[in-house]
$ cat final11.txt   # compact mmCIF, C-alpha atoms
# COMPACT_ATOMS: atom_id res chain seq x y z
CA MET Y 16 -13.86 1.90 8.09
CA THR Y 17 -10.57 1.31 9.80
CA LYS Y 18 -6.84 1.68 9.23
CA SER Y 19 -5.08 -1.21 7.51
CA THR Y 20 -2.33 -2.97 9.47
CA ALA Y 21 -0.20 -3.12 6.32
CA ILE Y 22 0.87 0.47 6.58
CA ALA Y 23 3.31 2.72 8.41
CA ALA Y 24 1.87 6.07 9.45
CA ARG Y 25 2.65 9.09 11.55
CA VAL Y 26 0.76 12.31 12.20
CA LEU Y 27 3.18 15.25 11.86
CA GLY Y 28 1.52 18.44 13.02
CA ASP Y 29 -1.75 18.64 11.08
CA GLU Y 30 -0.58 16.36 8.26
CA THR Y 31 -0.09 12.60 8.07
CA ILE Y 32 2.52 10.55 6.28
CA ILE Y 33 1.46 7.03 5.30
CA MET Y 34 3.48 4.35 3.55
CA SER Y 35 2.08 1.06 2.31
CA THR Y 36 4.22 -1.88 3.48
CA VAL Y 37 2.95 -3.81 0.46
CA ASP Y 38 4.22 -1.60 -2.33
CA SER Y 39 5.97 1.29 -0.46
CA THR Y 40 3.60 3.86 -1.98
CA ILE Y 41 3.73 7.08 0.03
CA PHE Y 42 0.77 9.32 0.79
CA MET Y 43 0.76 12.68 2.50
CA LEU Y 44 -2.63 13.60 3.95
CA ASN Y 45 -3.61 17.24 4.31
CA PRO Y 46 -5.28 18.51 7.52
CA THR Y 47 -8.77 17.43 6.39
CA GLY Y 48 -7.51 13.98 5.37
CA THR Y 49 -5.71 13.72 8.70
CA VAL Y 50 -8.93 14.36 10.61
CA ILE Y 51 -10.69 11.57 8.68
CA TRP Y 52 -7.68 9.27 9.09
CA GLU Y 53 -7.50 9.78 12.85
CA ALA Y 54 -11.23 9.20 13.22
CA ALA Y 55 -11.20 5.93 11.24
CA ASP Y 56 -11.59 3.67 14.27
CA GLY Y 57 -13.64 0.85 12.80
CA ASN Y 58 -16.83 2.02 14.52
CA THR Y 59 -17.53 5.57 13.37
CA SER Y 60 -19.18 5.92 9.97
CA LEU Y 61 -17.78 8.27 7.34
CA SER Y 62 -20.96 10.34 7.33
CA ARG Y 63 -20.66 10.88 11.07
CA ILE Y 64 -16.94 11.78 10.77
CA VAL Y 65 -17.75 14.33 8.07
CA GLU Y 66 -20.63 15.84 10.01
CA GLU Y 67 -19.06 15.89 13.49
CA ARG Y 68 -15.40 16.44 12.68
CA VAL Y 69 -14.77 17.78 9.16
CA CYS Y 70 -17.65 20.29 9.04
CA ALA Y 71 -16.99 21.32 12.63
CA GLU Y 72 -13.29 21.97 12.09
CA PHE Y 73 -13.20 23.28 8.52
CA ASP Y 74 -15.21 25.90 6.68
CA VAL Y 75 -16.96 23.55 4.26
CA ASP Y 76 -20.59 22.64 3.55
CA LEU Y 77 -21.84 19.14 4.30
CA GLU Y 78 -22.69 18.12 0.74
CA GLN Y 79 -19.31 19.11 -0.70
CA ALA Y 80 -17.41 17.66 2.28
CA SER Y 81 -19.28 14.34 1.99
CA ALA Y 82 -18.45 14.01 -1.70
CA ASP Y 83 -14.78 14.90 -1.19
CA ALA Y 84 -14.49 12.58 1.81
CA LYS Y 85 -15.98 9.65 -0.10
CA GLU Y 86 -13.55 10.20 -2.98
CA PHE Y 87 -10.66 10.41 -0.50
CA VAL Y 88 -11.66 7.23 1.34
CA ASP Y 89 -12.23 5.31 -1.90
CA GLU Y 90 -8.74 6.19 -3.10
CA LEU Y 91 -7.10 5.10 0.16
CA ALA Y 92 -9.17 1.89 0.09
CA VAL Y 93 -8.00 1.11 -3.46
CA HIS Y 94 -4.40 1.27 -2.19
CA GLY Y 95 -5.23 -0.87 0.85
CA ILE Y 96 -4.59 1.99 3.28
CA LEU Y 97 -8.11 2.03 4.70
CA VAL Y 98 -10.38 -0.99 5.07
CA VAL Y 99 -13.97 -0.01 4.29
CA SER Y 100 -16.99 -2.01 5.44
CA ASP Y 101 -20.71 -1.50 5.96
CA LYS Y 102 -20.33 -3.00 9.44
CA PRO Y 103 -18.00 -2.03 12.30
CA VAL Y 104 -14.45 -3.38 11.78
CA SER Y 105 -12.15 -4.31 14.64
CA GLN Y 106 -8.79 -2.49 14.54
CA MET A 26 10.03 17.85 -5.05
CA SER A 27 9.15 14.27 -4.09
CA LEU A 28 6.87 13.54 -1.14
CA LEU A 29 9.84 12.20 0.81
CA GLU A 30 11.84 15.37 0.20
CA GLU A 31 8.83 17.45 1.18
CA MET A 32 8.41 15.43 4.34
CA ASN A 33 12.11 15.82 5.21
CA GLN A 34 11.93 19.55 4.64
CA LYS A 35 8.92 19.89 6.94
CA ALA A 36 10.52 17.68 9.58
CA THR A 37 13.70 19.79 9.47
CA ALA A 38 11.71 23.00 9.81
CA GLN A 39 9.71 21.62 12.75
CA GLY A 40 12.65 19.82 14.40
CA ILE A 41 10.97 16.41 14.17
CA PRO A 42 13.24 13.35 14.56
CA LEU A 43 11.74 11.70 11.50
CA SER A 44 14.30 8.87 11.50
CA ALA A 45 15.88 6.89 14.31
CA HIS A 46 18.51 4.19 14.30
CA LEU A 47 18.16 1.95 17.34
CA ASP A 48 20.86 -0.60 18.13
CA ILE A 49 19.25 -3.12 20.45
CA THR A 50 22.53 -4.93 21.11
CA TRP A 51 26.19 -4.63 20.23
CA ARG A 52 26.69 -8.38 20.66
CA CYS A 53 27.30 -10.17 17.39
CA ASN A 54 27.85 -13.69 16.07
CA GLU A 55 30.25 -12.36 13.45
CA ARG A 56 33.55 -10.55 14.04
CA CYS A 57 33.85 -8.45 10.91
CA VAL A 58 37.40 -7.14 10.60
CA HIS A 59 36.22 -3.57 9.83
CA CYS A 60 33.47 -3.32 12.49
CA TYR A 61 33.38 -0.01 14.38
CA LEU A 62 31.79 -1.51 17.51
CA ASP A 63 33.10 -3.50 20.40
CA HIS A 64 30.82 -6.42 21.14
CA ASP A 65 30.21 -5.78 24.79
CA GLY A 66 26.71 -6.84 25.87
CA LYS A 67 26.68 -5.15 29.26
CA ASP A 68 24.23 -2.39 30.17
CA GLU A 69 21.79 -3.30 27.38
CA MET A 70 18.32 -1.89 27.84
CA SER A 71 15.64 -4.38 28.90
CA THR A 72 12.66 -5.22 26.71
CA ALA A 73 10.50 -2.82 28.69
CA GLU A 74 13.07 -0.03 28.41
CA ILE A 75 13.36 -0.49 24.63
CA LYS A 76 9.58 -0.52 24.19
CA ASP A 77 9.37 2.67 26.21
CA VAL A 78 12.01 4.30 23.97
CA ILE A 79 10.07 3.24 20.88
CA ARG A 80 6.87 4.66 22.35
CA GLN A 81 8.64 7.96 23.05
CA LEU A 82 9.98 8.08 19.50
CA ALA A 83 6.45 7.62 18.12
CA GLU A 84 5.23 10.47 20.32
CA CYS A 85 8.01 12.72 18.98
CA GLY A 86 7.02 11.98 15.37
CA THR A 87 9.62 9.40 14.33
CA PHE A 88 8.40 7.52 11.26
CA PHE A 89 11.47 5.65 9.95
CA LEU A 90 12.98 3.23 12.48
CA SER A 91 16.07 1.13 11.77
CA ILE A 92 16.54 -1.73 14.22
CA SER A 93 20.15 -2.81 14.17
CA GLY A 94 23.12 -3.96 16.20
CA GLY A 95 25.46 -5.87 16.62
CA GLU A 96 23.26 -8.67 15.47
CA PRO A 97 19.72 -7.74 16.59
CA LEU A 98 18.42 -11.30 16.27
CA LEU A 99 20.78 -12.38 19.05
CA ARG A 100 18.23 -10.82 21.41
CA ARG A 101 15.48 -13.30 22.20
CA ASP A 102 13.01 -10.39 22.31
CA CYS A 103 13.93 -9.09 18.84
CA PHE A 104 10.62 -10.13 17.27
CA GLU A 105 8.69 -8.77 20.26
CA ILE A 106 10.45 -5.41 19.73
CA LEU A 107 9.77 -5.47 15.99
CA GLU A 108 6.13 -6.34 16.61
CA TYR A 109 5.75 -3.47 19.07
CA ALA A 110 7.33 -1.02 16.61
CA ARG A 111 4.94 -2.13 13.89
CA GLU A 112 1.97 -1.84 16.28
CA LEU A 113 2.96 1.81 16.66
CA ARG A 114 2.98 2.06 12.85
CA PHE A 115 6.69 2.72 12.30
CA ASN A 116 8.27 2.11 8.92
CA VAL A 117 10.76 -0.49 10.15
CA LYS A 118 14.00 -1.59 8.53
CA LEU A 119 16.03 -4.42 10.01
CA LYS A 120 19.82 -4.44 9.64
CA THR A 121 21.15 -7.94 10.19
CA ASN A 122 23.75 -10.39 8.94
CA ALA A 123 20.75 -12.73 8.49
CA VAL A 124 22.57 -15.91 9.47
CA MET A 125 19.80 -16.63 12.01
CA ILE A 126 16.97 -16.12 9.52
CA GLY A 127 15.37 -19.32 8.29
CA ALA A 128 12.00 -19.94 6.64
CA LYS A 129 10.08 -19.38 9.90
CA GLU A 130 11.78 -16.08 10.71
CA ALA A 131 11.35 -14.85 7.14
CA ALA A 132 7.63 -15.59 7.29
CA ARG A 133 7.36 -13.70 10.59
CA LEU A 134 9.16 -10.66 9.16
CA LYS A 135 6.75 -10.67 6.22
CA GLN A 136 3.77 -10.94 8.53
CA LEU A 137 5.03 -7.98 10.57
CA GLY A 138 5.29 -5.78 7.48
CA ILE A 139 8.99 -4.98 7.86
CA GLU A 140 9.83 -2.47 5.13
CA GLN A 141 13.25 -3.88 4.26
CA VAL A 142 15.93 -6.22 5.55
CA GLN A 143 19.45 -4.88 4.97
CA ILE A 144 22.26 -7.43 4.81
CA SER A 145 26.00 -6.96 4.29
CA ILE A 146 27.54 -9.24 1.68
CA TYR A 147 31.26 -8.74 1.17
CA SER A 148 31.93 -11.12 -1.71
CA ASP A 149 30.36 -13.86 -3.81
CA ARG A 150 33.24 -16.07 -2.70
CA PRO A 151 32.96 -17.73 0.72
CA GLU A 152 36.71 -17.65 1.30
CA ILE A 153 36.63 -13.84 1.09
CA HIS A 154 33.26 -13.12 2.79
CA ASP A 155 33.85 -15.59 5.64
CA ALA A 156 37.41 -14.30 6.16
CA ILE A 157 35.95 -10.81 6.72
CA THR A 158 33.12 -11.94 9.03
CA LYS A 159 35.33 -14.57 10.71
CA LEU A 160 32.29 -16.86 10.81
CA PRO A 161 32.76 -20.00 8.69
CA GLY A 162 29.72 -20.68 6.53
CA SER A 163 28.37 -17.15 6.98
CA LEU A 164 28.07 -16.36 3.24
CA ARG A 165 26.12 -19.56 2.60
CA ARG A 166 23.81 -18.86 5.55
CA SER A 167 23.25 -15.19 4.63
CA LEU A 168 22.42 -16.14 1.03
CA GLU A 169 20.03 -18.87 2.20
CA ALA A 170 18.32 -16.28 4.39
CA ILE A 171 17.97 -13.91 1.43
CA ARG A 172 16.27 -16.68 -0.55
CA HIS A 173 13.86 -17.35 2.35
CA LEU A 174 13.07 -13.63 2.60
CA LYS A 175 12.52 -13.29 -1.14
CA ALA A 176 10.28 -16.38 -1.14
CA GLN A 177 8.12 -14.56 1.41
CA GLY A 178 8.12 -11.34 -0.58
CA VAL A 179 10.21 -9.36 1.93
CA LYS A 180 12.25 -6.55 0.38
CA VAL A 181 15.99 -7.07 0.80
CA SER A 182 18.97 -4.80 0.22
CA ILE A 183 22.56 -6.02 0.00
CA THR A 184 25.29 -3.62 1.12
CA ASN A 185 28.76 -4.31 -0.20
CA VAL A 186 31.30 -2.54 2.02
CA LEU A 187 34.58 -2.33 0.17
CA MET A 188 37.92 -2.77 1.87
CA LYS A 189 41.37 -4.11 0.95
CA GLN A 190 40.22 -7.72 1.38
CA ASN A 191 37.35 -7.52 -1.14
CA VAL A 192 38.16 -4.52 -3.31
CA THR A 193 37.53 -6.44 -6.54
CA SER A 194 34.27 -8.05 -5.36
CA GLY A 195 31.89 -5.20 -6.18
CA LYS A 196 30.74 -6.27 -9.64
CA ALA A 197 30.32 -9.93 -8.65
CA VAL A 198 28.21 -8.98 -5.60
CA GLN A 199 26.17 -6.63 -7.78
CA GLN A 200 25.56 -9.52 -10.20
CA LEU A 201 24.60 -11.75 -7.27
CA ALA A 202 22.11 -9.10 -6.11
CA LYS A 203 20.64 -9.03 -9.62
CA GLU A 204 20.26 -12.81 -9.64
CA LEU A 205 18.61 -12.72 -6.21
CA ASP A 206 16.41 -9.79 -7.32
CA VAL A 207 17.41 -7.59 -4.37
CA ALA A 208 18.67 -4.01 -4.12
CA PHE A 209 22.42 -3.37 -4.13
CA VAL A 210 24.41 -0.63 -2.43
CA ILE A 211 28.18 -0.27 -2.63
CA ASP A 212 29.92 1.54 0.20
CA PRO A 213 33.64 2.34 0.13
CA THR A 214 33.68 3.90 3.61
CA ILE A 215 35.46 2.36 6.58
CA THR A 216 34.76 4.31 9.77
CA PRO A 217 36.85 4.54 12.95
CA MET A 218 35.69 2.58 15.97
CA LEU A 219 33.26 4.43 18.23
CA ASN A 220 35.84 4.19 21.04
CA GLY A 221 38.20 6.37 18.96
CA ASP A 222 40.47 3.57 17.71
CA ARG A 223 41.38 4.52 14.12
CA SER A 224 43.52 1.46 13.32
CA ILE A 225 40.79 -0.20 11.21
CA LEU A 226 41.03 2.69 8.73
CA ASN A 227 44.10 0.84 7.39
CA LEU A 228 41.63 -1.62 5.86
CA GLY A 229 40.20 1.08 3.57
CA ILE A 230 40.79 0.94 -0.18
CA SER A 231 43.45 3.18 -1.77
CA ALA A 232 42.76 6.50 -3.51
CA LYS A 233 43.38 4.85 -6.89
CA GLU A 234 40.93 2.03 -6.10
CA LEU A 235 38.35 4.58 -4.92
CA GLU A 236 38.79 6.42 -8.22
CA GLU A 237 38.12 3.18 -10.10
CA VAL A 238 34.92 2.57 -8.11
CA PHE A 239 33.69 6.09 -8.92
CA ARG A 240 34.46 5.55 -12.59
CA THR A 241 32.54 2.29 -12.86
CA GLU A 242 29.29 2.89 -14.68
CA GLU A 243 27.56 -0.10 -13.06
CA PHE A 244 28.06 1.51 -9.63
CA VAL A 245 27.47 5.21 -10.27
CA GLY A 246 25.43 5.41 -13.47
CA ASN A 247 26.57 8.19 -15.77
CA VAL A 248 30.28 8.53 -14.90
CA GLY A 249 30.70 11.88 -16.67
CA GLU A 250 27.83 13.36 -14.71
CA TYR A 251 28.81 11.71 -11.42
CA CYS A 252 32.42 12.85 -11.61
CA ALA A 253 31.84 16.33 -13.01
CA PRO A 254 32.99 19.09 -10.67
CA VAL A 255 30.25 21.49 -9.58
CA SER A 256 31.76 24.85 -8.91
CA THR A 257 28.79 26.94 -7.82
CA VAL A 258 28.98 27.54 -4.10
CA ASP A 259 26.17 30.01 -3.55
CA ASP A 260 24.12 31.14 -0.57
CA ASN A 261 21.85 28.11 -0.92
CA VAL A 262 24.84 25.86 -0.35
CA LEU A 263 26.34 28.01 2.41
CA ASP A 264 23.00 28.22 4.25
CA GLY A 265 22.64 24.44 4.16
CA TYR A 266 23.58 21.71 6.63
CA SER A 267 25.94 18.79 6.14
CA CYS A 268 23.37 16.05 6.73
CA SER A 269 20.31 15.07 8.74
CA ALA A 270 22.25 13.92 11.84
CA GLY A 271 20.77 15.67 14.87
CA HIS A 272 18.29 17.56 12.67
CA THR A 273 15.86 14.79 11.72
CA LEU A 274 17.95 11.74 12.66
CA ALA A 275 18.89 10.29 16.04
CA TYR A 276 20.93 7.25 17.03
CA ILE A 277 20.24 5.30 20.19
CA ALA A 278 22.82 2.86 21.55
CA PRO A 279 21.87 -0.39 23.33
CA ASN A 280 22.43 1.25 26.74
CA GLY A 281 20.06 4.13 25.95
CA ASP A 282 22.69 6.74 25.13
CA VAL A 283 21.58 9.17 22.41
CA PHE A 284 23.82 10.49 19.62
CA PRO A 285 23.13 12.47 16.42
CA CYS A 286 23.99 9.42 14.24
CA VAL A 287 25.64 6.01 14.58
CA GLN A 288 28.69 7.56 12.92
CA PHE A 289 28.72 10.61 15.19
CA PRO A 290 29.71 9.62 18.75
CA MET A 291 28.98 12.99 20.36
CA PRO A 292 27.10 12.21 23.61
CA CYS A 293 23.74 13.99 23.86
CA GLY A 294 22.20 12.32 26.89
CA SER A 295 21.00 9.04 28.39
CA LEU A 296 17.44 7.75 28.11
CA ARG A 297 17.95 6.20 31.53
CA GLU A 298 18.18 9.71 32.97
CA LYS A 299 16.02 11.85 30.69
CA THR A 300 13.16 11.44 28.23
CA PHE A 301 13.90 11.39 24.52
CA ARG A 302 11.94 14.64 24.13
CA GLU A 303 14.11 16.38 26.75
CA ILE A 304 17.32 15.18 25.08
CA TRP A 305 16.16 15.97 21.54
CA TRP A 306 15.03 19.50 22.38
CA ARG A 307 17.34 20.50 25.24
CA SER A 308 20.67 18.76 24.74
CA GLU A 309 23.39 21.43 24.48
CA ALA A 310 25.32 19.23 22.03
CA LEU A 311 22.36 18.89 19.66
CA THR A 312 21.47 22.56 20.00
CA GLU A 313 25.01 23.53 19.01
CA LEU A 314 25.10 21.03 16.13
CA ARG A 315 21.88 22.48 14.69
CA THR A 316 23.41 25.97 14.48
CA ILE A 317 26.23 24.84 12.17
CA GLN A 318 25.62 25.77 8.55
CA VAL A 319 28.10 25.16 5.74
CA ARG A 320 29.11 28.84 5.96
CA ASP A 321 30.29 28.21 9.55
CA LEU A 322 32.83 25.57 8.50
CA PRO A 323 36.18 27.39 8.39
CA THR A 324 37.79 25.24 5.68
CA CYS A 325 34.87 23.55 3.94
CA SER A 326 32.97 26.81 3.28
CA GLN A 327 35.97 27.89 1.16
CA CYS A 328 36.07 24.61 -0.77
CA GLY A 329 34.88 24.28 -4.37
CA HIS A 330 33.43 20.86 -3.55
CA ALA A 331 31.00 22.27 -0.95
CA ALA A 332 27.95 22.01 -3.21
CA TYR A 333 28.01 18.22 -3.52
CA CYS A 334 30.52 17.01 -0.91
CA THR A 335 29.27 14.12 1.22
CA ARG A 336 31.06 15.61 4.24
CA CYS A 337 30.15 13.61 7.34
CA PRO A 338 30.17 15.82 10.46
CA GLY A 339 30.48 12.68 12.58
CA LEU A 340 33.70 11.61 10.88
CA ALA A 341 34.92 15.21 11.17
CA TYR A 342 34.05 15.09 14.90
CA MET A 343 36.10 11.91 15.24
CA GLU A 344 38.99 13.71 13.53
CA GLY A 345 38.86 16.50 16.08
CA SER A 346 36.08 18.98 15.23
CA MET A 347 32.54 18.75 13.92
CA ARG A 348 33.26 22.03 12.10
CA GLY A 349 36.36 20.59 10.45
CA PRO A 350 36.84 18.56 7.28
CA SER A 351 36.29 14.83 7.10
CA SER A 352 39.41 13.56 5.35
CA SER A 353 37.71 10.48 3.90
CA ASP A 354 35.04 12.67 2.28
CA CYS A 355 37.77 14.98 0.93
CA ALA A 356 39.34 11.85 -0.58
CA LYS A 357 35.99 10.91 -2.15
CA SER A 358 35.55 14.38 -3.67
CA GLU A 359 39.06 14.21 -5.12
CA ALA A 360 38.51 10.65 -6.42
CA ARG A 361 35.32 11.76 -8.15
CA THR A 362 36.55 14.96 -9.74
CA GLY A 363 40.34 14.76 -9.75
CA ILE A 364 40.40 18.09 -7.89
CA PRO A 365 41.79 18.19 -4.34
CA SER A 366 39.64 19.73 -1.62
CA ALA A 367 40.56 23.01 0.10
CA TRP A 368 41.76 21.04 3.10
CA GLN A 369 43.86 18.66 0.99
CA THR A 370 45.43 21.63 -0.83
CA SER A 371 46.30 23.31 2.46
CA GLN A 372 47.95 20.10 3.68
CA ARG A 373 49.93 19.64 0.48
CA THR A 374 51.15 23.22 0.17
CA ALA A 375 52.23 23.68 3.76
CA PRO A 376 55.52 25.58 3.66
CA SER A 377 58.67 23.56 4.12
CA ASN A 378 60.82 24.37 7.12
CA LEU A 379 62.43 27.77 6.79
CA ILE A 380 65.88 28.39 8.04
CA GLN A 381 66.33 31.82 9.47
CA ILE A 382 69.84 33.21 9.41
CA MET A 383 70.40 35.94 11.85
CA LEU A 384 73.10 38.41 10.98
CA ALA A 385 74.89 40.02 13.79
$ encode --input "final11.txt" --output "structure tokens"
Amino acid sequence: MTKSTAIAARVLGDETIIMSTVDSTIFMLNPTGTVIWEAADGNTSLSRIVEERVCAEFDVDLEQASADAKEFVDELAVHGILVVSDKPVSQ
Amino acid sequence: MSLLEEMNQKATAQGIPLSAHLDITWRCNERCVHCYLDHDGKDEMSTAEIKDVIRQLAECGTFFLSISGGEPLLRRDCFEILEYARELRFNVKLKTNAVMIGAKEAARLKQLGIEQVQISIYSDRPEIHDAITKLPGSLRRSLEAIRHLKAQGVKVSITNVLMKQNVTSGKAVQQLAKELDVAFVIDPTITPMLNGDRSILNLGISAKELEEVFRTEEFVGNVGEYCAPVSTVDDNVLDGYSCSAGHTLAYIAPNGDVFPCVQFPMPCGSLREKTFREIWWRSEALTELRTIQVRDLPTCSQCGHAAYCTRCPGLAYMEGSMRGPSSSDCAKSEARTGIPSAWQTSQRTAPSNLIQIMLA
């Protein structure tokens, strides 16, 4: 998965503000969402991000974190904020 | 609290310059009679310098970036600058008179994901609009540009600055905006020139005309609510700040000079001598500005309008003190509510000359 180009985004401290340039919807990502967002480089899989970043930085078990992360990514993908693919995506 | 308000609150608490207004040139192809800028093109930053400034802003947390001028599209590198800003994921607004925007430029702006294009339209009548811009054919060209932008799906906002020449144009321009399906903003404020020349203030509309604007439902919504005086001046109000200038907003002139806002010409430093981070965090002028709460304003803290006054510290600065009143905002408060401000009252009740008779 990778970040869409049709967005404006800025990491502010441990949170991230994102605005869709398509419909001006605003999202504020919490620290966990920010970690996933920053790691979405088109090459790293979500499962690896959860295992190596989310579980390492937050007190959360892998199963719960994986479920929450999938829900989070799906929602951002619906709004066109993240582009999700089974294969690596160029940024 | 909306997400935007929450974001602003956090940025204020952390001292993040969330918004920046960057004029990339003061040159312009129009000569609007009320413009607060001279149109000198000397000392403009190069493309590389501007890109470096934009990069620094991103590093400092700036999210909202207004690219403006002058007429920004007079710079051949305008699209290169916009593209770079979008690469760094800024929310970019472009302020332009749009006379240089055709179908090709509109398509490029759409492709770049520009958040909004803001265009000043002074009247629906060419003889009035063109007399203000002093560019024959400018209304026709700006409206053509708006149609190109809308055809591409770019969001557009029309600003209607009111002055003596077009005081009755507001409703017609609002109707035009409706027909074009674009946002509409009416602005009755004429500001002094940045070089201190206040002569253009004579173009401003009268107090009675301002009152009429504020009592027009189409412009303000619920007139009763908009014009109702709010008398509660509590600690929340007194602990507050006048606006975001210097707190979460910075203005950068084409030569790299930094100010709190485009309407607040208090020099804070030059990006040709220091980094943006150094200026934002260490400028004595900005540090002093950030200490000023409403309770520190000698006259305005005593004013019943303090809770909702639009007091502009930049206009106050241009009148002599950033802690003083801004007379045009006092006039707005009075036009809205019918109640003079504390400053206006003090001016109107100044004692007449006393004659002292000394007896031997």
$ closest_residue --input "final11.txt" --among "Y:Gly48, Y:Met16, Y:Thr36, Y:Asp29" --to "chain A" --atoms "all atoms listed in the file"
Y:Thr36
$ closest_atom_pairs --input "final11.txt" --of "chain Y" --to "chain A" --cutoff "12 Å" --atoms "all atoms listed in the file" --output "JSON lines"
{"residue": "Y:Lys18", "atom": "CA", "partner": "A:Arg114", "partner_atom": "CA", "distance": 10.5}
{"residue": "Y:Ser19", "atom": "CA", "partner": "A:Arg114", "partner_atom": "CA", "distance": 10.2}
{"residue": "Y:Thr20", "atom": "CA", "partner": "A:Arg114", "partner_atom": "CA", "distance": 8.1}
{"residue": "Y:Ala21", "atom": "CA", "partner": "A:Gly138", "partner_atom": "CA", "distance": 6.2}
{"residue": "Y:Ile22", "atom": "CA", "partner": "A:Arg114", "partner_atom": "CA", "distance": 6.8}
{"residue": "Y:Ala23", "atom": "CA", "partner": "A:Arg114", "partner_atom": "CA", "distance": 4.5}
{"residue": "Y:Ala24", "atom": "CA", "partner": "A:Arg114", "partner_atom": "CA", "distance": 5.4}
{"residue": "Y:Arg25", "atom": "CA", "partner": "A:Phe88", "partner_atom": "CA", "distance": 6.0}
{"residue": "Y:Val26", "atom": "CA", "partner": "A:Gly86", "partner_atom": "CA", "distance": 7.0}
{"residue": "Y:Leu27", "atom": "CA", "partner": "A:Gly86", "partner_atom": "CA", "distance": 6.1}
{"residue": "Y:Gly28", "atom": "CA", "partner": "A:Gln39", "partner_atom": "CA", "distance": 8.8}
{"residue": "Y:Asp29", "atom": "CA", "partner": "A:Lys35", "partner_atom": "CA", "distance": 11.5}
{"residue": "Y:Glu30", "atom": "CA", "partner": "A:Met32", "partner_atom": "CA", "distance": 9.9}
{"residue": "Y:Thr31", "atom": "CA", "partner": "A:Met32", "partner_atom": "CA", "distance": 9.7}
{"residue": "Y:Ile32", "atom": "CA", "partner": "A:Met32", "partner_atom": "CA", "distance": 7.9}
{"residue": "Y:Ile33", "atom": "CA", "partner": "A:Asn116", "partner_atom": "CA", "distance": 9.1}
{"residue": "Y:Met34", "atom": "CA", "partner": "A:Asn116", "partner_atom": "CA", "distance": 7.5}
{"residue": "Y:Ser35", "atom": "CA", "partner": "A:Glu140", "partner_atom": "CA", "distance": 9.0}
{"residue": "Y:Thr36", "atom": "CA", "partner": "A:Gly138", "partner_atom": "CA", "distance": 5.7}
{"residue": "Y:Val37", "atom": "CA", "partner": "A:Gly138", "partner_atom": "CA", "distance": 7.7}
{"residue": "Y:Asp38", "atom": "CA", "partner": "A:Glu140", "partner_atom": "CA", "distance": 9.4}
{"residue": "Y:Ser39", "atom": "CA", "partner": "A:Glu140", "partner_atom": "CA", "distance": 7.8}
{"residue": "Y:Thr40", "atom": "CA", "partner": "A:Leu28", "partner_atom": "CA", "distance": 10.3}
{"residue": "Y:Ile41", "atom": "CA", "partner": "A:Leu28", "partner_atom": "CA", "distance": 7.3}
{"residue": "Y:Phe42", "atom": "CA", "partner": "A:Leu28", "partner_atom": "CA", "distance": 7.7}
{"residue": "Y:Met43", "atom": "CA", "partner": "A:Leu28", "partner_atom": "CA", "distance": 7.2}
{"residue": "Y:Leu44", "atom": "CA", "partner": "A:Leu28", "partner_atom": "CA", "distance": 10.8}
{"residue": "Y:Gln106", "atom": "CA", "partner": "A:Glu112", "partner_atom": "CA", "distance": 10.9}
$ residues_around --input "final11.txt" --residues "Gly94 (chain A)" --least-positions-apart "6" --cutoff "8 Å" --atoms "all atoms listed in the file" --output "list in words"
Leu47, Asp48, Ile49, Thr50, Trp51, Arg52, Cys53, Lys120 and Thr121 of chain A
$ residues_around --input "final11.txt" --residues "region 267-270 of chain A" --least-positions-apart "6" --cutoff "9 Å" --atoms "only C-alpha atoms" --output "ChimeraX atom specification"
/A:33,37,276,284-286,289,314,317-319,334-339
$ closest_residue --input "final11.txt" --among "A:Arg240, A:Val181, A:Ala278, A:Glu55" --to "Ile92 (chain A)" --atoms "all atoms listed in the file"
A:Ala278
$ atom_distance --input "final11.txt" --atom1 "CA of Asn280 (chain A)" --atom2 "CA of Ile157 (chain A)"
27.0 Å
$ closest_residue --input "final11.txt" --among "A:Met291, A:Leu296, A:Cys328, A:Leu62" --to "Leu82 (chain A)" --atoms "all atoms listed in the file"
A:Leu296
$ atom_distance --input "final11.txt" --atom1 "CA of Ser256 (chain A)" --atom2 "CA of Gln369 (chain A)"
16.8 Å
$ residues_around --input "final11.txt" --residues "Leu168 (chain A)" --least-positions-apart "5" --cutoff "10 Å" --atoms "only C-alpha atoms" --output "list of chain:residue names"
A:Asn122, A:Ala123, A:Val124, A:Ile144, A:Ile146, A:Asp149, A:Ser163, A:His173, A:Leu174, A:Leu201, A:Leu205
$ residues_around --input "final11.txt" --residues "Ser366 (chain A)" --least-positions-apart "4" --cutoff "8 Å" --atoms "all atoms listed in the file" --output "ChimeraX atom specification"
/A:328-330,355-356,358-359,370
$ write_last_selection --input "final11.txt" --atoms "C-alpha atoms" --output "mmCIF file, keeping the file's coordinate frame"
data_model
loop_
_atom_site.group_PDB
_atom_site.id
_atom_site.type_symbol
_atom_site.label_atom_id
_atom_site.label_comp_id
_atom_site.auth_asym_id
_atom_site.auth_seq_id
_atom_site.Cartn_x
_atom_site.Cartn_y
_atom_site.Cartn_z
ATOM 1 C CA CYS A 328 36.070 24.610 -0.770
ATOM 2 C CA GLY A 329 34.880 24.280 -4.370
ATOM 3 C CA HIS A 330 33.430 20.860 -3.550
ATOM 4 C CA CYS A 355 37.770 14.980 0.930
ATOM 5 C CA ALA A 356 39.340 11.850 -0.580
ATOM 6 C CA SER A 358 35.550 14.380 -3.670
ATOM 7 C CA GLU A 359 39.060 14.210 -5.120
ATOM 8 C CA THR A 370 45.430 21.630 -0.830
#
